[in-house]
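Reviewing the structure listed below.
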Amino acid sequence: MPTCTALIVAAGRGSRFGGSLPKQYALLGGRSVLWHSLGALRAAPGITHMRVVIAPGDEGHYQASTQGFDLPPPILGGASRQLSVLNGLEALAGEPPDFVAIHDAARPFVRPSDIAGCLAAAAAPGIDGAILGVALADTLKQVEDGNVISGTIPRRRLWRAQTPQVFRFKPLLHAHRAAAALGTTEATALTDDAAVAERAGLKVVMVAGSDDNHKVTTAEDLLRASTMETRTAFGFDVHGFGPGSTVMLGGVAVPHIQALSGHSDADVALHALTDAILGSIGAGDIGLHFPPSDPQWRGESSDRFLRHAVGLVAERGGRIVHLDLTLVCEAPRIGPHRQAMVDSIARIAGISRERVSVKATTTEGLGFTGRREGIAAQAVATVEVPKS
Ligand code: MG
């Protein structure tokens with residue numbers, strides 16, 4: 001198996017970050033940003049060794065940040081990022097690995113599977129390196145005189161470069177040595193390792209990564225990552241069939257030979273979802289907020305209940321991450337209405353369709369749903385709320 005050393009560059013002073021602690025040592029959920037980056041790299045198949053490049057004087061921060069990782073001593077960086085990487089490469093040159101994966105310590109959210117994908121791309125025949133990146137989604141404007149738009153730049157072939165950037169070790173070492181001999185102006189234009197490699201004529205390919213792999217650059221980034229927690233909660237509801245010709249499911253009127261009976265519009269799906277969301281913030285159940293004994297809820301459209309629960313999450317500074325619904329019935333058939341239900345639930349909850357899942361099953365003729373006496377719904381809500 002080829003060897004690949006992850007070279008984590010943690011030598012920056014983080015001047016844009018504010019505060020005295022460089023951002024790679026700031027805490028995120030109780031652990032340093034560097035610690036999270038190391039964890040992602042260790043979990044990536046194909047990474048066989050790890051070394052960290054730090055700024056002289058940061059040894060204490062480094063020791064505190066790398067507990068639990070069995071690492072060789074850190075390498076001291078240079079006056080620029082490029083020189084720090086060169087120091088790292090030179091330190092590895094005695095026992096050169098086959099590949100080196102250079103990663104910014106300030107990208108703690110990189111996925112191990114993306115790292116492995118990048119390594120596989122770099123190891124392809126005829127390729128010298130591969131980097132993670134994301135195709136540009138925003139329209140690019142060129143601005144002159146401070147704020148006057150002078151043009152729109154076609155974005156079709158433009159990507160944002162991330163790390164890791166993985167290369168065959170020896171060609172990259174030679175490319176960096178050559179770059180170190182350049183004048184300052186030319187050298188500062190080489191803002192990542194791929195640029196150093198491109199200048200040396202190496203063939204580097206782009207691997208589609210994820211927007212999650214952003215660089216922690218502001219105090220707000222850290223605050224958000226370290227102050228929110230994810231919660232999951234469950235909801236369940238049943239309504240029996242009664243006379244009628246449509247059932248309300250997920251806010252969609254589905255034609256059927258019967259209706260669901262209940263105090264409100266008996267939308268069993270929205271009731272289960274409402275209870276799941278209420279559960280995620282410990283806010284009781286739907287009966288507490290909308291008592292069946294209260295005549296004002298008779299025949300009420302259940303989207304009101306779901307909206308109320310979503311509003312309670314928002315009041316706490318939280319948001320809905322995902323809603324997953326399972327309907328249990330022999331009839332009506334859910335499949336033809338599934339997409340309409342997804343759209344409806346997403347609209348009521350104020351989230352995108354990608355965050356809603358609707359599934360259906362039968363009980364093979366068993367039990368009350370099997371006897372077609374009613375419909376059961378189960379829901380799981382995932383929410384993000386500020387840590388209490
Ligand atoms: Mg109900």
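Naming works like this for the structure tokens: A, B, ... for the chains as they're shown, residue 1 at the start of each chain, ligands 1 onward in shown order.
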Write as a list in words the residues around ligand 1, taking 6 Å as the cut-off and counting only C-alpha atoms and all ligand atoms.
-> Asp237, Ala266, Val268 and His271 of chain A
Leaving out Ser344 (chain A) and any residue of its chain fewer than 5 positions from it, which residues lie within 8 Å of it when counting only C-alpha atoms, given as a list in words?
->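 Returned residues: Gly250, Gly251 and Val252 of chain A.
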Considering only C-alpha atoms, state which residue in the set A:Glu373, A:Asp114, A:Asp70, A:Glu144 is at the smallest distance from Ala130 (chain A).
->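 Nearest candidate to Ala130 (chain A) out of A:Glu373, A:Asp114, A:Asp70, A:Glu144: A:Asp114.
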Taking into account only C-alpha atoms, which residue in the set A:Gln165, A:Arg372, A:Ile149, A:Ile115 is nearest to Ile257 (chain A)?
->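 Closest to Ile257 (chain A), using only C-alpha atoms: A:Arg372.
Counting only C-alpha atoms and comparing A:Gln67, A:Asn87, A:Thr48, A:Ser293, the residue that lies closest to Thr5 (chain A) is A:Thr48.
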Counting only C-alpha atoms, give me one row per residue of region 35-63 of chain A with an atom at most 12 Å from an atom of region 206-218 of chain A, showing the shortest contact pair and its distance in Å to one decimal, sorted by chain then residue number, as a tab-separated table.
residue	atom	partner	partner_atom	distance
A:His36	CA	A:Val216	CA	11.8
A:Ser37	CA	A:Asn213	CA	10.4
A:Ala40	CA	A:Asn213	CA	11.0
Name all residues at most 9 Å from Ala44 (chain A) (count only C-alpha atoms; drop same-chain ones fewer than 2 positions away) and give them as a VMD selection string.
-> chain A and resid 39 to 42 46 to 47 111 to 116
Write the residues of the selection above to a file with N, CA, C and O atoms, as a PDB file, in the first residue's frame.
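again-v6.pdb written:
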ATOM      1  N   GLY A  39      -8.569  14.687  13.467  1.00  0.00           N
ATOM      2  CA  GLY A  39      -9.513  13.568  13.563  1.00  0.00           C
ATOM      3  C   GLY A  39     -10.052  13.158  12.205  1.00  0.00           C
ATOM      4  O   GLY A  39     -10.169  11.971  11.893  1.00  0.00           O
ATOM      5  N   ALA A  40     -10.366  14.160  11.369  1.00  0.00           N
ATOM      6  CA  ALA A  40     -10.891  13.868  10.026  1.00  0.00           C
ATOM      7  C   ALA A  40      -9.833  13.152   9.186  1.00  0.00           C
ATOM      8  O   ALA A  40     -10.127  12.186   8.472  1.00  0.00           O
ATOM      9  N   LEU A  41      -8.585  13.623   9.284  1.00  0.00           N
ATOM     10  CA  LEU A  41      -7.511  13.013   8.482  1.00  0.00           C
ATOM     11  C   LEU A  41      -7.212  11.598   8.969  1.00  0.00           C
ATOM     12  O   LEU A  41      -7.009  10.688   8.170  1.00  0.00           O
ATOM     13  N   ARG A  42      -7.216  11.402  10.289  1.00  0.00           N
ATOM     14  CA  ARG A  42      -6.938  10.065  10.812  1.00  0.00           C
ATOM     15  C   ARG A  42      -8.018   9.074  10.359  1.00  0.00           C
ATOM     16  O   ARG A  42      -7.743   7.897  10.158  1.00  0.00           O
ATOM     17  N   GLY A  46      -6.281   5.536   3.691  1.00  0.00           N
ATOM     18  CA  GLY A  46      -5.160   5.891   2.812  1.00  0.00           C
ATOM     19  C   GLY A  46      -4.170   6.846   3.449  1.00  0.00           C
ATOM     20  O   GLY A  46      -3.028   6.940   3.008  1.00  0.00           O
ATOM     21  N   ILE A  47      -4.584   7.590   4.476  1.00  0.00           N
ATOM     22  CA  ILE A  47      -3.639   8.461   5.196  1.00  0.00           C
ATOM     23  C   ILE A  47      -2.871   7.569   6.183  1.00  0.00           C
ATOM     24  O   ILE A  47      -3.466   6.978   7.084  1.00  0.00           O
ATOM     25  N   ARG A 111     -14.665  16.037   5.102  1.00  0.00           N
ATOM     26  CA  ARG A 111     -15.163  14.672   5.279  1.00  0.00           C
ATOM     27  C   ARG A 111     -14.058  13.668   4.957  1.00  0.00           C
ATOM     28  O   ARG A 111     -13.413  13.772   3.899  1.00  0.00           O
ATOM     29  N   PRO A 112     -13.879  12.669   5.820  1.00  0.00           N
ATOM     30  CA  PRO A 112     -12.874  11.633   5.544  1.00  0.00           C
ATOM     31  C   PRO A 112     -13.068  10.987   4.165  1.00  0.00           C
ATOM     32  O   PRO A 112     -12.090  10.706   3.476  1.00  0.00           O
ATOM     33  N   SER A 113     -14.316  10.801   3.742  1.00  0.00           N
ATOM     34  CA  SER A 113     -14.548  10.169   2.434  1.00  0.00           C
ATOM     35  C   SER A 113     -14.058  11.071   1.298  1.00  0.00           C
ATOM     36  O   SER A 113     -13.577  10.582   0.263  1.00  0.00           O
ATOM     37  N   ASP A 114     -14.166  12.397   1.466  1.00  0.00           N
ATOM     38  CA  ASP A 114     -13.663  13.316   0.438  1.00  0.00           C
ATOM     39  C   ASP A 114     -12.134  13.297   0.383  1.00  0.00           C
ATOM     40  O   ASP A 114     -11.542  13.426  -0.690  1.00  0.00           O
ATOM     41  N   ILE A 115     -11.507  13.162   1.571  1.00  0.00           N
ATOM     42  CA  ILE A 115     -10.046  13.069   1.606  1.00  0.00           C
ATOM     43  C   ILE A 115      -9.606  11.820   0.830  1.00  0.00           C
ATOM     44  O   ILE A 115      -8.687  11.869   0.000  1.00  0.00           O
ATOM     45  N   ALA A 116     -10.292  10.703   1.088  1.00  0.00           N
ATOM     46  CA  ALA A 116      -9.956   9.448   0.405  1.00  0.00           C
ATOM     47  C   ALA A 116     -10.168   9.577  -1.102  1.00  0.00           C
ATOM     48  O   ALA A 116      -9.369   9.077  -1.905  1.00  0.00           O
TER      49      ALA A 116
END
Excluding same-chain residues fewer than 2 positions from Gly235 (chain A), what lies within 6 Å of it counting only C-alpha atoms, as a PyMOL selection string?
-> chain A and resi 272+275-276+378-379
Could you name the residues that touch Thr152 (chain A) at 9 Å or less, counting only C-alpha atoms, but leaving out those on the same chain fewer than 4 positions away, as a PyMOL selection string?
-> chain A and resi 139-142
Of the candidates A:Arg157, A:Arg316, A:Arg338, A:Arg81, which one gets nearest to Glu384 (chain A) if we count only C-alpha atoms?
->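 Of A:Arg157, A:Arg316, A:Arg338, A:Arg81, the one nearest Glu384 (chain A), counting only C-alpha atoms, is A:Arg316.
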Pick out each residue of region 192-259 of chain A that DSSP on the backbone tags as helix (DSSP H, G or I); I need them as a PyMOL selection string.
-> chain A and resi 193-199+219-227
So which residues touch region 317-326 of chain A within 9 Å, counting only C-alpha atoms, skipping near sequence neighbours fewer than 3 positions away, as a PDB file with N, CA and C atoms, in the first residue's frame?
ATOM      1  N   MET A 228     -24.199  25.508  18.949  1.00  0.00           N
ATOM      2  CA  MET A 228     -25.422  24.815  18.545  1.00  0.00           C
ATOM      3  C   MET A 228     -25.285  23.321  18.818  1.00  0.00           C
ATOM      4  N   THR A 230     -27.366  19.414  18.056  1.00  0.00           N
ATOM      5  CA  THR A 230     -28.378  18.741  17.262  1.00  0.00           C
ATOM      6  C   THR A 230     -29.202  17.830  18.152  1.00  0.00           C
ATOM      7  N   ALA A 269     -50.469  12.816   9.776  1.00  0.00           N
ATOM      8  CA  ALA A 269     -49.061  13.045   9.429  1.00  0.00           C
ATOM      9  C   ALA A 269     -48.554  14.334  10.075  1.00  0.00           C
ATOM     10  N   ALA A 272     -48.169  13.905  13.904  1.00  0.00           N
ATOM     11  CA  ALA A 272     -46.953  13.182  14.319  1.00  0.00           C
ATOM     12  C   ALA A 272     -45.727  14.080  14.162  1.00  0.00           C
ATOM     13  N   LEU A 273     -45.674  14.834  13.052  1.00  0.00           N
ATOM     14  CA  LEU A 273     -44.537  15.745  12.834  1.00  0.00           C
ATOM     15  C   LEU A 273     -44.508  16.842  13.896  1.00  0.00           C
ATOM     16  N   ALA A 276     -43.171  15.426  17.081  1.00  0.00           N
ATOM     17  CA  ALA A 276     -41.718  15.188  16.999  1.00  0.00           C
ATOM     18  C   ALA A 276     -40.961  16.491  17.227  1.00  0.00           C
ATOM     19  N   ILE A 277     -41.418  17.561  16.589  1.00  0.00           N
ATOM     20  CA  ILE A 277     -40.728  18.849  16.754  1.00  0.00           C
ATOM     21  C   ILE A 277     -40.863  19.357  18.184  1.00  0.00           C
ATOM     22  N   VAL A 310     -42.850  24.728  14.746  1.00  0.00           N
ATOM     23  CA  VAL A 310     -41.663  25.276  14.072  1.00  0.00           C
ATOM     24  C   VAL A 310     -41.338  26.657  14.636  1.00  0.00           C
ATOM     25  N   LEU A 312     -41.907  27.702  17.659  1.00  0.00           N
ATOM     26  CA  LEU A 312     -41.305  27.567  18.992  1.00  0.00           C
ATOM     27  C   LEU A 312     -39.811  27.274  18.887  1.00  0.00           C
ATOM     28  N   VAL A 313     -39.426  26.447  17.886  1.00  0.00           N
ATOM     29  CA  VAL A 313     -37.998  26.163  17.669  1.00  0.00           C
ATOM     30  C   VAL A 313     -37.278  27.453  17.282  1.00  0.00           C
ATOM     31  N   ALA A 314     -37.896  28.213  16.369  1.00  0.00           N
ATOM     32  CA  ALA A 314     -37.281  29.470  15.915  1.00  0.00           C
ATOM     33  C   ALA A 314     -37.153  30.462  17.061  1.00  0.00           C
ATOM     34  N   ILE A 345     -45.320  19.731   3.254  1.00  0.00           N
ATOM     35  CA  ILE A 345     -44.681  19.758   4.581  1.00  0.00           C
ATOM     36  C   ILE A 345     -43.529  20.759   4.584  1.00  0.00           C
ATOM     37  N   ALA A 346     -42.739  20.778   3.496  1.00  0.00           N
ATOM     38  CA  ALA A 346     -41.622  21.713   3.400  1.00  0.00           C
ATOM     39  C   ALA A 346     -42.136  23.153   3.445  1.00  0.00           C
ATOM     40  N   ALA A 349     -43.412  23.980   7.010  1.00  0.00           N
ATOM     41  CA  ALA A 349     -42.321  24.060   7.994  1.00  0.00           C
ATOM     42  C   ALA A 349     -41.287  25.120   7.614  1.00  0.00           C
ATOM     43  N   GLY A 350     -41.390  25.663   6.397  1.00  0.00           N
ATOM     44  CA  GLY A 350     -40.453  26.710   5.982  1.00  0.00           C
ATOM     45  C   GLY A 350     -39.052  26.195   5.740  1.00  0.00           C
ATOM     46  N   ILE A 351     -38.939  24.970   5.242  1.00  0.00           N
ATOM     47  CA  ILE A 351     -37.621  24.396   4.951  1.00  0.00           C
ATOM     48  C   ILE A 351     -37.604  23.892   3.510  1.00  0.00           C
ATOM     49  N   GLU A 354     -35.464  19.162   0.268  1.00  0.00           N
ATOM     50  CA  GLU A 354     -34.403  18.181   0.530  1.00  0.00           C
ATOM     51  C   GLU A 354     -34.351  17.811   2.006  1.00  0.00           C
ATOM     52  N   ARG A 355     -35.026  18.605   2.838  1.00  0.00           N
ATOM     53  CA  ARG A 355     -34.995  18.344   4.278  1.00  0.00           C
ATOM     54  C   ARG A 355     -36.244  17.610   4.749  1.00  0.00           C
ATOM     55  N   VAL A 356     -37.038  17.100   3.792  1.00  0.00           N
ATOM     56  CA  VAL A 356     -38.279  16.401   4.152  1.00  0.00           C
ATOM     57  C   VAL A 356     -38.288  15.028   3.504  1.00  0.00           C
ATOM     58  N   SER A 357     -38.671  14.016   4.280  1.00  0.00           N
ATOM     59  CA  SER A 357     -38.780  12.661   3.749  1.00  0.00           C
ATOM     60  C   SER A 357     -40.150  12.104   4.098  1.00  0.00           C
ATOM     61  N   VAL A 358     -40.842  11.515   3.114  1.00  0.00           N
ATOM     62  CA  VAL A 358     -42.131  10.869   3.354  1.00  0.00           C
ATOM     63  C   VAL A 358     -42.033   9.422   2.898  1.00  0.00           C
ATOM     64  N   LYS A 359     -42.318   8.503   3.802  1.00  0.00           N
ATOM     65  CA  LYS A 359     -42.289   7.082   3.483  1.00  0.00           C
ATOM     66  C   LYS A 359     -43.627   6.474   3.859  1.00  0.00           C
ATOM     67  N   ALA A 360     -43.932   5.304   3.287  1.00  0.00           N
ATOM     68  CA  ALA A 360     -45.182   4.629   3.630  1.00  0.00           C
ATOM     69  C   ALA A 360     -44.934   3.140   3.710  1.00  0.00           C
ATOM     70  N   THR A 361     -45.729   2.494   4.560  1.00  0.00           N
ATOM     71  CA  THR A 361     -45.646   1.046   4.649  1.00  0.00           C
ATOM     72  C   THR A 361     -47.012   0.502   5.041  1.00  0.00           C
ATOM     73  N   ALA A 376     -51.858   5.180  10.927  1.00  0.00           N
ATOM     74  CA  ALA A 376     -50.883   5.580  11.944  1.00  0.00           C
ATOM     75  C   ALA A 376     -49.760   6.345  11.259  1.00  0.00           C
ATOM     76  N   ALA A 377     -49.173   7.278  11.979  1.00  0.00           N
ATOM     77  CA  ALA A 377     -48.031   8.036  11.440  1.00  0.00           C
ATOM     78  C   ALA A 377     -46.940   8.109  12.494  1.00  0.00           C
ATOM     79  N   GLN A 378     -45.712   7.919  12.041  1.00  0.00           N
ATOM     80  CA  GLN A 378     -44.543   8.070  12.906  1.00  0.00           C
ATOM     81  C   GLN A 378     -43.652   9.135  12.276  1.00  0.00           C
ATOM     82  N   ALA A 379     -43.063   9.963  13.117  1.00  0.00           N
ATOM     83  CA  ALA A 379     -42.210  11.042  12.584  1.00  0.00           C
ATOM     84  C   ALA A 379     -40.974  11.201  13.449  1.00  0.00           C
ATOM     85  N   VAL A 380     -39.887  11.543  12.790  1.00  0.00           N
ATOM     86  CA  VAL A 380     -38.652  11.881  13.503  1.00  0.00           C
ATOM     87  C   VAL A 380     -38.227  13.277  13.039  1.00  0.00           C
ATOM     88  N   ALA A 381     -38.015  14.158  14.006  1.00  0.00           N
ATOM     89  CA  ALA A 381     -37.552  15.512  13.691  1.00  0.00           C
ATOM     90  C   ALA A 381     -36.128  15.668  14.185  1.00  0.00           C
ATOM     91  N   THR A 382     -35.283  16.240  13.333  1.00  0.00           N
ATOM     92  CA  THR A 382     -33.924  16.603  13.736  1.00  0.00           C
ATOM     93  C   THR A 382     -33.839  18.113  13.728  1.00  0.00           C
ATOM     94  N   VAL A 383     -33.461  18.703  14.840  1.00  0.00           N
ATOM     95  CA  VAL A 383     -33.367  20.155  14.920  1.00  0.00           C
ATOM     96  C   VAL A 383     -32.007  20.557  15.472  1.00  0.00           C
ATOM     97  N   GLU A 384     -31.668  21.811  15.198  1.00  0.00           N
ATOM     98  CA  GLU A 384     -30.431  22.382  15.743  1.00  0.00           C
ATOM     99  C   GLU A 384     -30.875  23.534  16.636  1.00  0.00           C
ATOM    100  N   VAL A 385     -30.450  23.493  17.901  1.00  0.00           N
ATOM    101  CA  VAL A 385     -30.825  24.559  18.841  1.00  0.00           C
ATOM    102  C   VAL A 385     -29.579  25.012  19.609  1.00  0.00           C
ATOM    103  N   PRO A 386     -29.616  26.214  20.133  1.00  0.00           N
ATOM    104  CA  PRO A 386     -28.476  26.661  20.949  1.00  0.00           C
ATOM    105  C   PRO A 386     -28.305  25.734  22.151  1.00  0.00           C
TER     106      PRO A 386
END
Which of these residues is nearest to Ala233 (chain A), using only C-alpha atoms: A:Thr3, A:Ser264, A:Ser80, A:Thr274?
->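 Nearest to Ala233 (chain A): A:Thr274.
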Contacts of Ala122 (chain A) at 9 Å (only C-alpha atoms; same-chain gap of 2+ positions) as number ranges by chain | A: 99, 117-120, 124-125, 127-131, 165-168, 204-205
Given the choices A:Ala64, A:Lys23, A:His256, A:Gln82, which gets closest to Ala189 (chain A) if the distance is worked out from only C-alpha atoms?
-> A:Gln82
Tell me, which residues of region 157-316 of chain A carry DSSP strand (DSSP E), written as JSON, numbers by chain?
-> {"A": [159, 160, 161, 162, 163, 164, 165, 166, 167, 168, 204, 205, 206, 207, 208, 228, 229, 230, 231, 232, 233, 234, 235, 236, 237, 238, 239, 240, 241, 242, 246, 247, 248, 249, 252, 253, 254, 255, 259, 260]}
